[in-house]
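First the structure, in the form of structure tokens, and then the observations on it.
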Amino acid sequence: MKLLQSSWTEVLTLVLVYRSLPKLRKTEFCLSTFLCNEAEASECGLEHFFEKCMLIVERMERLGITREEFLILKALVIANSDCQLEEFLAIGKLRENLLSSLQDAVNYIRCGDANLHLQSLLLILPSIRDADTVLRIFWRQIKQDGQVPMNKLLIEMLEA
């Protein structure tokens with residue numbers, strides 16, 4: 001549970017970016033009927049987050065990321081969360097298994113230089129974390145301003 005609590009915004013960011021492929025200059029979030037373009041993101045104070053996400057979308061689009069690669073990256077984001085855990089060895093083993101699975105998937109799916117593709121996929125993760133930081137700052141500012149009532153669970157997740 002701690003892993004998910006500390007990585008949920010990174011997971012949502014990765015899902016958001018993946019669901020925004022192919023790049024239409026619109027970011028799609030959760031539902032296919034809710035689209036947010038750059039002007040709308042700017043209007044609600046998310047322009048910096050939008051820009052970071054669109055850069056990630058461009059990188060993922062150039063890579064031609066597959067659904068299998070995306071799903072393993074999503075699991076890796078959760079397993080790579082920076083939280084204190086008692087079962088460090090089990091999490092370490094999970095990370096190793098996920099990295100091995102990603103490598104196997106890339107080797108199976110990709111022709112040519114699979115190692116370069118694998119490295120490019122892994123280099124997306126710091127950008128996801130960077131966008132996550134921007135998103136968390138946004139939500140903390142919303143909470144601090146107090147203009148929008150926030151659910152207790154959301155507040156706990158933001159503080160995790």
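By order of appearance in the structure tokens: chains A, B, ..., then residues from 1 within every chain, and ligands from 1 in the order shown.
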
Can you tell me, as a compact mmCIF listing (two decimals) with N, CA, C and O atoms, in the first residue's frame, what residues are no more than 9 Å from stretch 138-151 of chain A when counting only C-alpha atoms, ignoring any on the same chain fewer than 5 positions away?
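out03.txt written:
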```txt
# COMPACT_ATOMS: atom_id res chain seq x y z
N GLY A 45 -3.82 26.64 -14.36
CA GLY A 45 -2.54 26.65 -13.65
C GLY A 45 -1.68 25.43 -13.86
O GLY A 45 -0.72 25.21 -13.12
N LEU A 46 -1.98 24.64 -14.87
CA LEU A 46 -1.21 23.42 -15.13
C LEU A 46 -0.35 23.51 -16.39
O LEU A 46 0.03 22.50 -16.95
N PHE A 49 3.00 21.62 -16.07
CA PHE A 49 2.74 20.17 -16.10
C PHE A 49 2.41 19.73 -17.53
O PHE A 49 2.92 18.72 -18.01
N THR A 133 6.49 15.80 -9.76
CA THR A 133 6.82 16.85 -8.79
C THR A 133 6.02 18.12 -9.07
O THR A 133 5.48 18.73 -8.15
N GLU A 156 -4.43 12.83 2.27
CA GLU A 156 -3.50 11.81 2.79
C GLU A 156 -2.56 11.33 1.69
O GLU A 156 -1.36 11.14 1.95
N LEU A 158 -1.59 12.97 -0.96
CA LEU A 158 -0.64 14.03 -1.29
C LEU A 158 0.47 14.14 -0.26
O LEU A 158 1.60 14.51 -0.58
N GLU A 159 0.15 13.83 0.98
CA GLU A 159 1.13 13.94 2.05
C GLU A 159 2.01 12.70 2.19
O GLU A 159 2.99 12.72 2.91
```

Backbone-only DSSP, helix (DSSP H, G or I) members of chain A, as number ranges by chain: A: 2-19, 38-43, 47-63, 67-79, 88-109, 114-122, 124-145, 152-159

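Every residue of chain A with a DSSP assignment of strand (DSSP E or B), taken from the backbone, is listed as Lys26, Thr27, Glu28, Leu35, Cys36 and Asn37 of chain A.
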
Taking 2 positions as the minimum chain separation for residues in the same chain, which residues sit within 12 Å of A:Arg67 when counting only C-alpha atoms? Answer as a compact mmCIF listing (two decimals) with N, CA, C and O atoms, in the first residue's frame.
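out-v1.txt written:
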```
# COMPACT_ATOMS: atom_id res chain seq x y z
N VAL A 15 0.13 7.17 -17.17
CA VAL A 15 -1.09 6.78 -17.87
C VAL A 15 -1.59 7.94 -18.74
O VAL A 15 -1.97 7.75 -19.90
N TYR A 18 0.68 8.25 -21.79
CA TYR A 18 0.47 7.13 -22.71
C TYR A 18 -0.85 7.28 -23.46
O TYR A 18 -0.92 7.05 -24.67
N ARG A 19 -1.89 7.67 -22.74
CA ARG A 19 -3.20 7.82 -23.37
C ARG A 19 -3.28 9.04 -24.27
O ARG A 19 -4.23 9.19 -25.03
N LEU A 21 -1.11 9.55 -26.62
CA LEU A 21 -0.51 9.15 -27.90
C LEU A 21 -1.63 8.79 -28.87
O LEU A 21 -2.61 8.19 -28.46
N MET A 60 7.89 9.40 -26.19
CA MET A 60 7.23 8.10 -26.31
C MET A 60 6.76 7.84 -27.73
O MET A 60 6.82 6.71 -28.22
N GLY A 64 7.83 4.82 -30.17
CA GLY A 64 6.79 3.89 -30.59
C GLY A 64 6.51 2.87 -29.49
O GLY A 64 6.42 1.68 -29.74
N ILE A 65 6.35 3.37 -28.27
CA ILE A 65 6.14 2.51 -27.11
C ILE A 65 4.92 1.61 -27.31
O ILE A 65 3.89 2.05 -27.80
N GLU A 69 5.22 -2.64 -23.15
CA GLU A 69 6.28 -1.83 -22.55
C GLU A 69 5.70 -0.84 -21.54
O GLU A 69 6.24 -0.66 -20.45
N PHE A 70 4.59 -0.22 -21.91
CA PHE A 70 3.92 0.72 -21.02
C PHE A 70 3.50 0.06 -19.71
O PHE A 70 3.73 0.60 -18.63
N LEU A 71 2.88 -1.12 -19.80
CA LEU A 71 2.40 -1.80 -18.59
C LEU A 71 3.55 -2.17 -17.66
O LEU A 71 3.44 -2.03 -16.44
N ILE A 72 4.66 -2.63 -18.23
CA ILE A 72 5.81 -2.97 -17.39
C ILE A 72 6.42 -1.71 -16.79
O ILE A 72 6.81 -1.70 -15.61
N LEU A 73 6.49 -0.63 -17.56
CA LEU A 73 6.98 0.65 -17.01
C LEU A 73 6.10 1.11 -15.86
O LEU A 73 6.60 1.63 -14.86
N LYS A 74 4.79 0.94 -16.00
CA LYS A 74 3.87 1.34 -14.93
C LYS A 74 4.14 0.55 -13.65
O LYS A 74 4.21 1.13 -12.56
N LEU A 102 10.94 -6.32 -18.62
CA LEU A 102 11.00 -5.25 -19.61
C LEU A 102 12.03 -5.57 -20.69
O LEU A 102 11.78 -5.41 -21.88
N ALA A 105 10.64 -8.29 -22.92
CA ALA A 105 9.60 -7.75 -23.80
C ALA A 105 10.21 -6.95 -24.94
O ALA A 105 9.83 -7.11 -26.11
N VAL A 106 11.17 -6.11 -24.62
CA VAL A 106 11.83 -5.29 -25.65
C VAL A 106 12.57 -6.19 -26.63
O VAL A 106 12.49 -5.99 -27.85
N ILE A 109 9.89 -7.81 -28.86
CA ILE A 109 9.11 -6.90 -29.71
C ILE A 109 9.97 -6.19 -30.75
O ILE A 109 9.55 -5.99 -31.88
```

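Of the residues listed (A:Leu3, A:Leu121, A:Leu154, A:Leu16), A:Leu3 shows the shortest atom-to-atom separation from A:Ala79; distances use only C-alpha atoms.
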
Find the residues around stretch 91-95 of chain A up to 10 Å (only C-alpha atoms counted), leave out those fewer than 2 positions away in its own chain, and share them as an mmCIF file with N, CA, C and O atoms, in the first residue's frame.
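Okay, selection.cif is ready:
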```cif
data_model
loop_
_atom_site.group_PDB
_atom_site.id
_atom_site.type_symbol
_atom_site.label_atom_id
_atom_site.label_comp_id
_atom_site.auth_asym_id
_atom_site.auth_seq_id
_atom_site.Cartn_x
_atom_site.Cartn_y
_atom_site.Cartn_z
ATOM 1 N N LEU A 3 3.735 1.656 -1.355
ATOM 2 C CA LEU A 3 4.263 1.888 -2.703
ATOM 3 C C LEU A 3 3.273 2.670 -3.548
ATOM 4 O O LEU A 3 3.646 3.633 -4.224
ATOM 5 N N ALA A 75 4.342 -0.733 -13.783
ATOM 6 C CA ALA A 75 4.671 -1.556 -12.616
ATOM 7 C C ALA A 75 6.020 -1.147 -12.032
ATOM 8 O O ALA A 75 6.195 -1.100 -10.812
ATOM 9 N N LEU A 76 6.952 -0.792 -12.895
ATOM 10 C CA LEU A 76 8.277 -0.361 -12.441
ATOM 11 C C LEU A 76 8.200 0.959 -11.686
ATOM 12 O O LEU A 76 8.904 1.157 -10.687
ATOM 13 N N VAL A 77 7.344 1.862 -12.121
ATOM 14 C CA VAL A 77 7.149 3.130 -11.416
ATOM 15 C C VAL A 77 6.678 2.869 -9.991
ATOM 16 O O VAL A 77 7.174 3.476 -9.033
ATOM 17 N N ILE A 78 5.752 1.949 -9.840
ATOM 18 C CA ILE A 78 5.245 1.630 -8.500
ATOM 19 C C ILE A 78 6.329 0.971 -7.656
ATOM 20 O O ILE A 78 6.565 1.356 -6.512
ATOM 21 N N ALA A 79 7.024 0.015 -8.237
ATOM 22 C CA ALA A 79 8.058 -0.713 -7.486
ATOM 23 C C ALA A 79 9.264 0.155 -7.160
ATOM 24 O O ALA A 79 9.990 -0.122 -6.210
ATOM 25 N N ASN A 80 9.468 1.209 -7.921
ATOM 26 C CA ASN A 80 10.628 2.069 -7.723
ATOM 27 C C ASN A 80 10.313 3.286 -6.856
ATOM 28 O O ASN A 80 11.083 4.238 -6.810
ATOM 29 N N SER A 81 9.229 3.235 -6.151
ATOM 30 C CA SER A 81 8.821 4.337 -5.292
ATOM 31 C C SER A 81 9.839 4.561 -4.170
ATOM 32 O O SER A 81 10.412 3.620 -3.634
ATOM 33 N N LEU A 85 10.265 0.969 3.411
ATOM 34 C CA LEU A 85 9.567 -0.307 3.489
ATOM 35 C C LEU A 85 10.355 -1.285 4.334
ATOM 36 O O LEU A 85 11.584 -1.280 4.324
ATOM 37 N N GLU A 86 9.634 -2.125 5.031
ATOM 38 C CA GLU A 86 10.277 -3.145 5.852
ATOM 39 C C GLU A 86 10.754 -4.317 5.008
ATOM 40 O O GLU A 86 11.723 -4.974 5.337
ATOM 41 N N GLU A 87 10.074 -4.585 3.921
ATOM 42 C CA GLU A 87 10.387 -5.718 3.071
ATOM 43 C C GLU A 87 11.265 -5.290 1.896
ATOM 44 O O GLU A 87 10.937 -5.506 0.735
ATOM 45 N N PHE A 88 12.423 -4.712 2.206
ATOM 46 C CA PHE A 88 13.299 -4.170 1.176
ATOM 47 C C PHE A 88 13.783 -5.251 0.214
ATOM 48 O O PHE A 88 13.864 -5.022 -0.992
ATOM 49 N N LEU A 89 14.111 -6.429 0.715
ATOM 50 C CA LEU A 89 14.610 -7.504 -0.145
ATOM 51 C C LEU A 89 13.545 -7.959 -1.146
ATOM 52 O O LEU A 89 13.853 -8.222 -2.313
ATOM 53 N N ASN A 97 12.884 -8.439 -11.198
ATOM 54 C CA ASN A 97 11.982 -9.192 -12.076
ATOM 55 C C ASN A 97 11.326 -8.284 -13.121
ATOM 56 O O ASN A 97 11.176 -8.676 -14.277
ATOM 57 N N LEU A 98 10.933 -7.095 -12.696
ATOM 58 C CA LEU A 98 10.308 -6.164 -13.635
ATOM 59 C C LEU A 98 11.303 -5.690 -14.694
ATOM 60 O O LEU A 98 10.954 -5.602 -15.881
ATOM 61 N N LEU A 99 12.516 -5.382 -14.271
ATOM 62 C CA LEU A 99 13.535 -4.975 -15.239
ATOM 63 C C LEU A 99 13.841 -6.103 -16.224
ATOM 64 O O LEU A 99 13.991 -5.873 -17.427
ATOM 65 N N SER A 100 13.900 -7.314 -15.719
ATOM 66 C CA SER A 100 14.125 -8.476 -16.576
ATOM 67 C C SER A 100 12.966 -8.668 -17.548
ATOM 68 O O SER A 100 13.167 -8.957 -18.732
ATOM 69 N N SER A 101 11.748 -8.484 -17.050
ATOM 70 C CA SER A 101 10.556 -8.603 -17.905
ATOM 71 C C SER A 101 10.549 -7.539 -18.990
ATOM 72 O O SER A 101 10.196 -7.816 -20.144
#
```

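For the pair atom CA of A:Glu61 and atom CA of A:Pro22, the interatomic distance is 6.6 Å.
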